[in-house]
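Peer 1: What follows is a single structure, and I will ask about it in a moment.
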Amino acid sequence: MPKKLITTGALALLLILARPPAGNAQEPPPPATDTTATAATTTTAATTTDATPPAAEPAAATAACSDCHDQAKQFVTNPHARGAVTKGEVSNDACTACHGDGTEHIANGGDKTKINVPRGRAGADDTCMLCHDTATDRISRRGGMHANSAAVNCLSCHKIHTNNAKLVAKPQLTLCGTCHTQSAEMRNKPYAHRLDRGGMACSSCHEPHGRQRKSERSLALTGHLRAATSGEAPCVSCHAEKRGPFVFPHGANEVADCTTCHAPHGSVNPMQLRRANVYQVCIECHSPTSATLGSQPPSFHNLSSPRYRNCTTCHTAVHGSNRDPQLFK
Amino acid sequence: MARTKTLLLALLAIALVASAHAQTYIPQVEIGYRWLDLNGNSDVYRSQINERSGLLLRSLTLNTTELPFGDHFRLDASDLGAGPAGALRLEAGRSGAYRFNLRYRHADAFSSIPSFALGQHSFDRRRNAFDADLELLRFGKFTPFIGYSENRYDGPGTTTYHVGQDEFLLQQSLHDRDREIRVGTGFELGPVQGQLLQGWRRFRGSETLTLASGAGAGNNIPPVLGRPIELGTFAGDERTNVKTPFTNFYITGMAGTRVRLIGNYVRAAADSNGTGSEDARGSLASFALSRFFSGQTETSTSRANNTTWRGGARAEVDLYKGIDMLVSWQRESRELTGTALVNTLFLQSITFGGADPRDVEAILNSSNSLDRKEDAGSIAFSARSLGPFSLRAGFSTSNSDVTVTPDLAEIVITGGQGGTFSRRVNTFDVDGGWAKAGFTAGAAWKRSNADDPILRTDFLHRDRIRIRAGWQAPKWIRAGITADETRQDNDHPEINYDAKLREYTGEIEVTPLELISIRASASRFRSDSSIFYRRPENFTIDTSINVERGSSLQGGFSLMLPKFTIDADASRFTNRGTLPFRINRMSGRATFPLFAKFGIAGEWSRDTYHDTTFTTENYEANRYGLFLRFTP
């Protein structure tokens, strides 16, 4: 397809998308009793700060949450406020969606017992899950690694009023490392994926809402890992050149997966191998045993010689080859 | 590279225009320069850390609403510039109309370790990856979407080539490009939701090889049967083209009020075509031919197919409030076939006795296949809300069947390279948690038993125990301890595999005032692995032992005053094992206001690496950064 046609089509699509849908808040508001009036009231009320709303007044009709709560003002760019912002003011609807109707709360001078504050498992179940009760082939709220419990629930990791990406409470490495200390510790080894830099984080590979399922052979079947769109393990989403298929594949990868040889959380080996020395990784499988897969190296492979202790010096195409059965090239 | 820069500049321009028209925007920008002061082995430093001197966009956040083209627009960027990895993410959309996500990531991949693979394998490459996804939200029950991804991996490297009974260092240039287009729709039809995705991926890879300067003598100086082995010239070229259409589908729905059913299916059919050629000239030998030869030319064509599908179903049954039964079954199937035709012409060959001069042509016409199936089923009961307690217990079983049919040409020594293999693993696991008044405690135990190994490092028995306890008092203290142990073994007399991993961690964070935070942690880990192996040179049984004895101490503090912040950390990681080393890390960051909304941020970080075995790999790296900040 000609590039110009694609470009024209893309621009046309953008123009169509840019058009506000009917009834959208971007349209000029009606002149009376609209959100603009509310916003004006808000500004006035905010300048008088902390003033208790007159008890006799039906407060919810005119007062905005941001009159008292600075959080509501910062909420303007929060994903939960999308579609509920007009001229820089957050509609009360964005707050009441989770906190419930605030009429009584306002009428009682901000009585904290008169407003819903989601906390813990019950808060997550009764509030977050009203919209986010997603169940896909990988995600589960009930059988997940982080299934909503008193110890681990939505609000353990997410801080709803922040503007952090994905509303996570802390940078991922710190957040996940709080419980997953072993994985965090492995990252201290000299060769590890560069997490928290360049957009790579724990969730680049792991599905934090994934379900508890661990296959013994297939990373793609493992519930708490993300899968590529075509179903493979997350490794090949970046390392695409290792995906193959190859005429002469390395059996370890085809029969099992990348972690047969590699330690993705960190290693003392420059190629993040599971063993310090290359030959150890190879020879532990490539020794003759009845009924296991792994060929026997010919006898000239003298492991006493440095030449044969770096197997990949000759077997360079260790992930698979289209030209050489011995993976030389 | 030029395209990448153009795209980034265009995005920044759009962002600025967007913010100019926006009703609300909150930009946060930090840009500056980083200096590197390095003493010691720069190759090892670059292989491990690779932060270099140069301009750096440390962070940028632009978060706007009420735009002409949507009601939200968010741009986040970090560490773009002087490497080694940077990212940009854009989210834009209009509620009820569309949602657009774009992600860009680059990562420099550098490796050059003197002690690894005789120091001959190295690369200095860059990976650039884009993803763009557009969802249309105007169509009621259906949410159509379209997406595009591109992943490029380019750059030079060095590799080795085994020919004529020697290994030679080659210069390598790699250009890989992986592109993917996907379309589909999400749907929500009453109680049934799901998504159907159809994608097409194309990978193109090319590799060119030339003999490295001065590498003609090869790895091994001694002559072979009295004749010096040398390579005069070498040129190689290999190209790969892989097309992969794929389908990904899932559906979920409620059966009554208590049972949720989820079904999924994904299938990918990769078709790879490859061509290769090489031309080597010199003085070479082949034990396979029992001849010396003066060069070789080779051409190859290849084709490989991999059809993989996975399908399954699961049910989540709400037995009682907060108590669920979870049942699932999945099957994964992979069928891989490959054929190659490799034509090698050995030029001017003579026998080791110097007789019978002739060109010898060797043709390899190879085909092989692999068939793998895995079934995984599980059942679990989960009670998430027994007051402060939660409990889960489950049983899962997985069965793998693998048939490997290698071409005879692949087999050097018979055995272990083909056949039919089967392995079943049964796993029982239970975990529980408790949380009350800021205290949490949890324990998990998992036991797996297998009938047979497929690879020698497969376990027959595995136990994992994990215990964690924590205490968090609102706003001033958080403390936790974790203990983790995994043991696995295979007591087959020819294998005798035994592995243990133990890790203990304690951590505490104290916030005596809202502005001050002090943190410290200590951990130890011990990893022991041993397995029999047969030495190829004399067929004796030996034991491969890998040991790690790690200990880590870490501490830091943060001071967050309204106009001044400081954050500092220090850590020491020591590993006394098969490859002993010590890493010390220190870092500090401070921010000061300058005027109006501008300020500066200063950073310092220091890493020292001390390798006990290969002391030439040691380094000390200091990085200093000075950044101009803009915050509203």
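Simple scheme: letters A, B, ... for chains in structure tokens order, numbers from 1 for residues in each chain, numbers from 1 for ligands in the order shown.
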Produce a table with one row for each residue of chain B that has an atom at most 6 Å from any atom of chain A, each row naming the nearest atom pair and its distance in Å at one decimal; use only C-alpha atoms; arrange rows by chain and rising residue number; format as JSON lines.

Peer 2:
{"residue": "B:Gln23", "atom": "CA", "partner": "A:Gly88", "partner_atom": "CA", "distance": 5.9}
{"residue": "B:Thr24", "atom": "CA", "partner": "A:Gly88", "partner_atom": "CA", "distance": 5.6}
{"residue": "B:Gln48", "atom": "CA", "partner": "A:Tyr191", "partner_atom": "CA", "distance": 5.8}
{"residue": "B:Phe69", "atom": "CA", "partner": "A:Ala18", "partner_atom": "CA", "distance": 4.1}
{"residue": "B:Ala85", "atom": "CA", "partner": "A:Gly198", "partner_atom": "CA", "distance": 4.2}
{"residue": "B:Gly86", "atom": "CA", "partner": "A:Gly198", "partner_atom": "CA", "distance": 3.6}
{"residue": "B:Ala87", "atom": "CA", "partner": "A:Gly198", "partner_atom": "CA", "distance": 4.6}
{"residue": "B:Ser95", "atom": "CA", "partner": "A:Gly83", "partner_atom": "CA", "distance": 5.5}
{"residue": "B:Ala117", "atom": "CA", "partner": "A:Asn310", "partner_atom": "CA", "distance": 5.0}
{"residue": "B:Thr160", "atom": "CA", "partner": "A:Thr313", "partner_atom": "CA", "distance": 5.9}
{"residue": "B:His162", "atom": "CA", "partner": "A:Cys314", "partner_atom": "CA", "distance": 5.4}
{"residue": "B:Phe246", "atom": "CA", "partner": "A:Ser230", "partner_atom": "CA", "distance": 5.7}
{"residue": "B:Asn264", "atom": "CA", "partner": "A:Asp137", "partner_atom": "CA", "distance": 5.8}
{"residue": "B:Ala268", "atom": "CA", "partner": "A:Ser230", "partner_atom": "CA", "distance": 5.9}
{"residue": "B:Ala304", "atom": "CA", "partner": "A:Val247", "partner_atom": "CA", "distance": 5.2}
{"residue": "B:Asn306", "atom": "CA", "partner": "A:Pro245", "partner_atom": "CA", "distance": 6.0}
{"residue": "B:Gly338", "atom": "CA", "partner": "A:Val247", "partner_atom": "CA", "distance": 4.1}
{"residue": "B:Thr339", "atom": "CA", "partner": "A:Val247", "partner_atom": "CA", "distance": 5.9}
{"residue": "B:Arg384", "atom": "CA", "partner": "A:Ser149", "partner_atom": "CA", "distance": 4.9}
{"residue": "B:Pro388", "atom": "CA", "partner": "A:Ala150", "partner_atom": "CA", "distance": 5.9}
{"residue": "B:Glu410", "atom": "CA", "partner": "A:Pro325", "partner_atom": "CA", "distance": 4.9}
{"residue": "B:Gly416", "atom": "CA", "partner": "A:Leu293", "partner_atom": "CA", "distance": 4.7}
{"residue": "B:Gln417", "atom": "CA", "partner": "A:Ser295", "partner_atom": "CA", "distance": 5.2}
{"residue": "B:Ala435", "atom": "CA", "partner": "A:Ala151", "partner_atom": "CA", "distance": 5.2}
{"residue": "B:Ile454", "atom": "CA", "partner": "A:Thr292", "partner_atom": "CA", "distance": 4.9}
{"residue": "B:Leu455", "atom": "CA", "partner": "A:Leu293", "partner_atom": "CA", "distance": 5.4}
{"residue": "B:Arg456", "atom": "CA", "partner": "A:Cys285", "partner_atom": "CA", "distance": 5.1}
{"residue": "B:Tyr533", "atom": "CA", "partner": "A:Ser287", "partner_atom": "CA", "distance": 5.6}
{"residue": "B:Arg534", "atom": "CA", "partner": "A:Ser287", "partner_atom": "CA", "distance": 5.5}
{"residue": "B:Pro536", "atom": "CA", "partner": "A:Ser299", "partner_atom": "CA", "distance": 4.7}
{"residue": "B:Glu537", "atom": "CA", "partner": "A:Ser299", "partner_atom": "CA", "distance": 4.4}

Peer 1: Give me, as a ChimeraX atom specification, all polymer residues having an atom no more than 8 Å from B:Phe525, counting only C-alpha atoms and skipping those fewer than 6 positions away in the same chain.

Peer 2: /B:501-504,548-551

Peer 1: Name the residues of stretch 32-268 of chain A that come out as strand (DSSP E) in a backbone DSSP run; write them as a PyMOL selection string.

Peer 2: chain A and resi 85-86+89-90+248-249

Peer 1: May I have the residues from that selection written out with N, CA and C atoms, as an mmCIF file, in the first residue's frame?

Peer 2:
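Written file, again_25.cif:
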data_model
loop_
_atom_site.group_PDB
_atom_site.id
_atom_site.type_symbol
_atom_site.label_atom_id
_atom_site.label_comp_id
_atom_site.auth_asym_id
_atom_site.auth_seq_id
_atom_site.Cartn_x
_atom_site.Cartn_y
_atom_site.Cartn_z
ATOM 1 N N VAL A 85 -13.674 16.250 33.805
ATOM 2 C CA VAL A 85 -12.961 17.506 34.043
ATOM 3 C C VAL A 85 -13.505 18.573 33.099
ATOM 4 N N THR A 86 -13.861 19.702 33.654
ATOM 5 C CA THR A 86 -14.311 20.819 32.839
ATOM 6 C C THR A 86 -13.605 22.076 33.304
ATOM 7 N N GLU A 89 -11.589 21.826 36.411
ATOM 8 C CA GLU A 89 -12.233 21.436 37.657
ATOM 9 C C GLU A 89 -12.746 19.997 37.540
ATOM 10 N N VAL A 90 -12.506 19.244 38.597
ATOM 11 C CA VAL A 90 -12.971 17.857 38.608
ATOM 12 C C VAL A 90 -14.409 17.823 39.101
ATOM 13 N N PHE A 248 17.964 -26.052 12.859
ATOM 14 C CA PHE A 248 18.651 -26.825 13.894
ATOM 15 C C PHE A 248 18.486 -26.078 15.226
ATOM 16 N N PRO A 249 17.405 -26.336 15.914
ATOM 17 C CA PRO A 249 17.185 -25.606 17.170
ATOM 18 C C PRO A 249 18.017 -26.183 18.302
#

Peer 1: Which of these, B:Thr344, B:Ala469, B:Val402, B:Pro580, has the shortest distance to B:Gly432 once you count only C-alpha atoms?

Peer 2: B:Ala469

Peer 1: Give me the residues near A:Cys202 as a list of chain:residue names, where near means some atom within 9 Å (using only C-alpha atoms) and where sequence neighbours in that chain fewer than 3 positions away do not count.

Peer 2: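 That gives A:Gln172, A:Leu173, A:Cys176, A:Leu195, A:Asp196, A:Cys205, A:His206, A:Glu207, A:Pro208.
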
Peer 1: Would you export the selected residues with C-alpha atoms as an mmCIF file, in the first residue's frame, please?

Peer 2:
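Output saved as part-v9.cif:
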data_model
loop_
_atom_site.group_PDB
_atom_site.id
_atom_site.type_symbol
_atom_site.label_atom_id
_atom_site.label_comp_id
_atom_site.auth_asym_id
_atom_site.auth_seq_id
_atom_site.Cartn_x
_atom_site.Cartn_y
_atom_site.Cartn_z
ATOM 1 C CA GLN A 172 8.100 -0.748 40.839
ATOM 2 C CA LEU A 173 11.487 -2.001 41.899
ATOM 3 C CA CYS A 176 7.759 -5.355 44.312
ATOM 4 C CA LEU A 195 15.190 -2.388 35.797
ATOM 5 C CA ASP A 196 13.817 1.067 36.512
ATOM 6 C CA CYS A 205 7.833 -9.533 32.102
ATOM 7 C CA HIS A 206 5.527 -10.253 35.013
ATOM 8 C CA GLU A 207 1.776 -9.921 35.103
ATOM 9 C CA PRO A 208 1.118 -8.671 38.632
#

Peer 1: Using only C-alpha atoms, find the one residue out of B:Asn101, B:Ser349, B:Ser78, B:Thr565 that sits nearest to B:Phe592.

Peer 2: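 Ranked by minimum distance to B:Phe592, first place goes to B:Thr565.
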
Peer 1: With a distance cut-off of 10 Å and only C-alpha atoms, select the neighbouring residues of A:Ala97, excluding the residue or stretch itself and same-chain residues fewer than 4 positions from it, and output the selection as a tab-separated table (two decimals) with C-alpha atoms, in the first residue's frame.

Peer 2:
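Final output, saved to result28.tsv:
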chain	number	residue	atom	x	y	z
A	80	HIS	CA	-10.05	8.14	37.20
A	81	ALA	CA	-11.06	11.72	36.41
A	92	ASN	CA	-17.81	15.53	42.06
A	93	ASP	CA	-18.81	12.48	40.05
A	101	ASP	CA	-22.60	10.20	47.75
A	127	THR	CA	-14.88	-0.48	45.20
A	128	CYS	CA	-12.04	-1.23	42.77
A	130	LEU	CA	-16.82	-2.85	40.66

Peer 1: Calculated over only C-alpha atoms, which of the candidates B:Phe581, B:Phe346, B:Glu620, B:Phe539 has the smallest distance to A:Ser267?

Peer 2: B:Phe581

Peer 1: Of the residues A:Thr162, A:Asn153, A:Lys242, A:Leu219, which is the one nearest to B:Ser385, using only C-alpha atoms?

Peer 2: A:Asn153

Peer 1: Pick the closest to B:Thr252 from B:Pro474, B:Pro27, B:Pro191, B:Gly282: which is it, counting only C-alpha atoms?

Peer 2: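 Closest to B:Thr252 of all the choices is B:Pro191.
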
Peer 1: Point out the residue among A:Arg119, A:His224, A:His250, A:Cys282 with the least atom-to-atom distance to B:Arg535, counting only C-alpha atoms.

Peer 2: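 So, comparing all the options, the nearest one is A:Cys282.
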
Peer 1: Measure the distance from atom CA of B:Lys500 to atom CA of B:Glu485 in Å and round it to one decimal.

Peer 2: 7.3 Å

Peer 1: As an exercise, work out the distance from atom CA of B:Glu66 to atom CA of B:Phe130 in Å and give it to one decimal place.

Peer 2: 26.5 Å
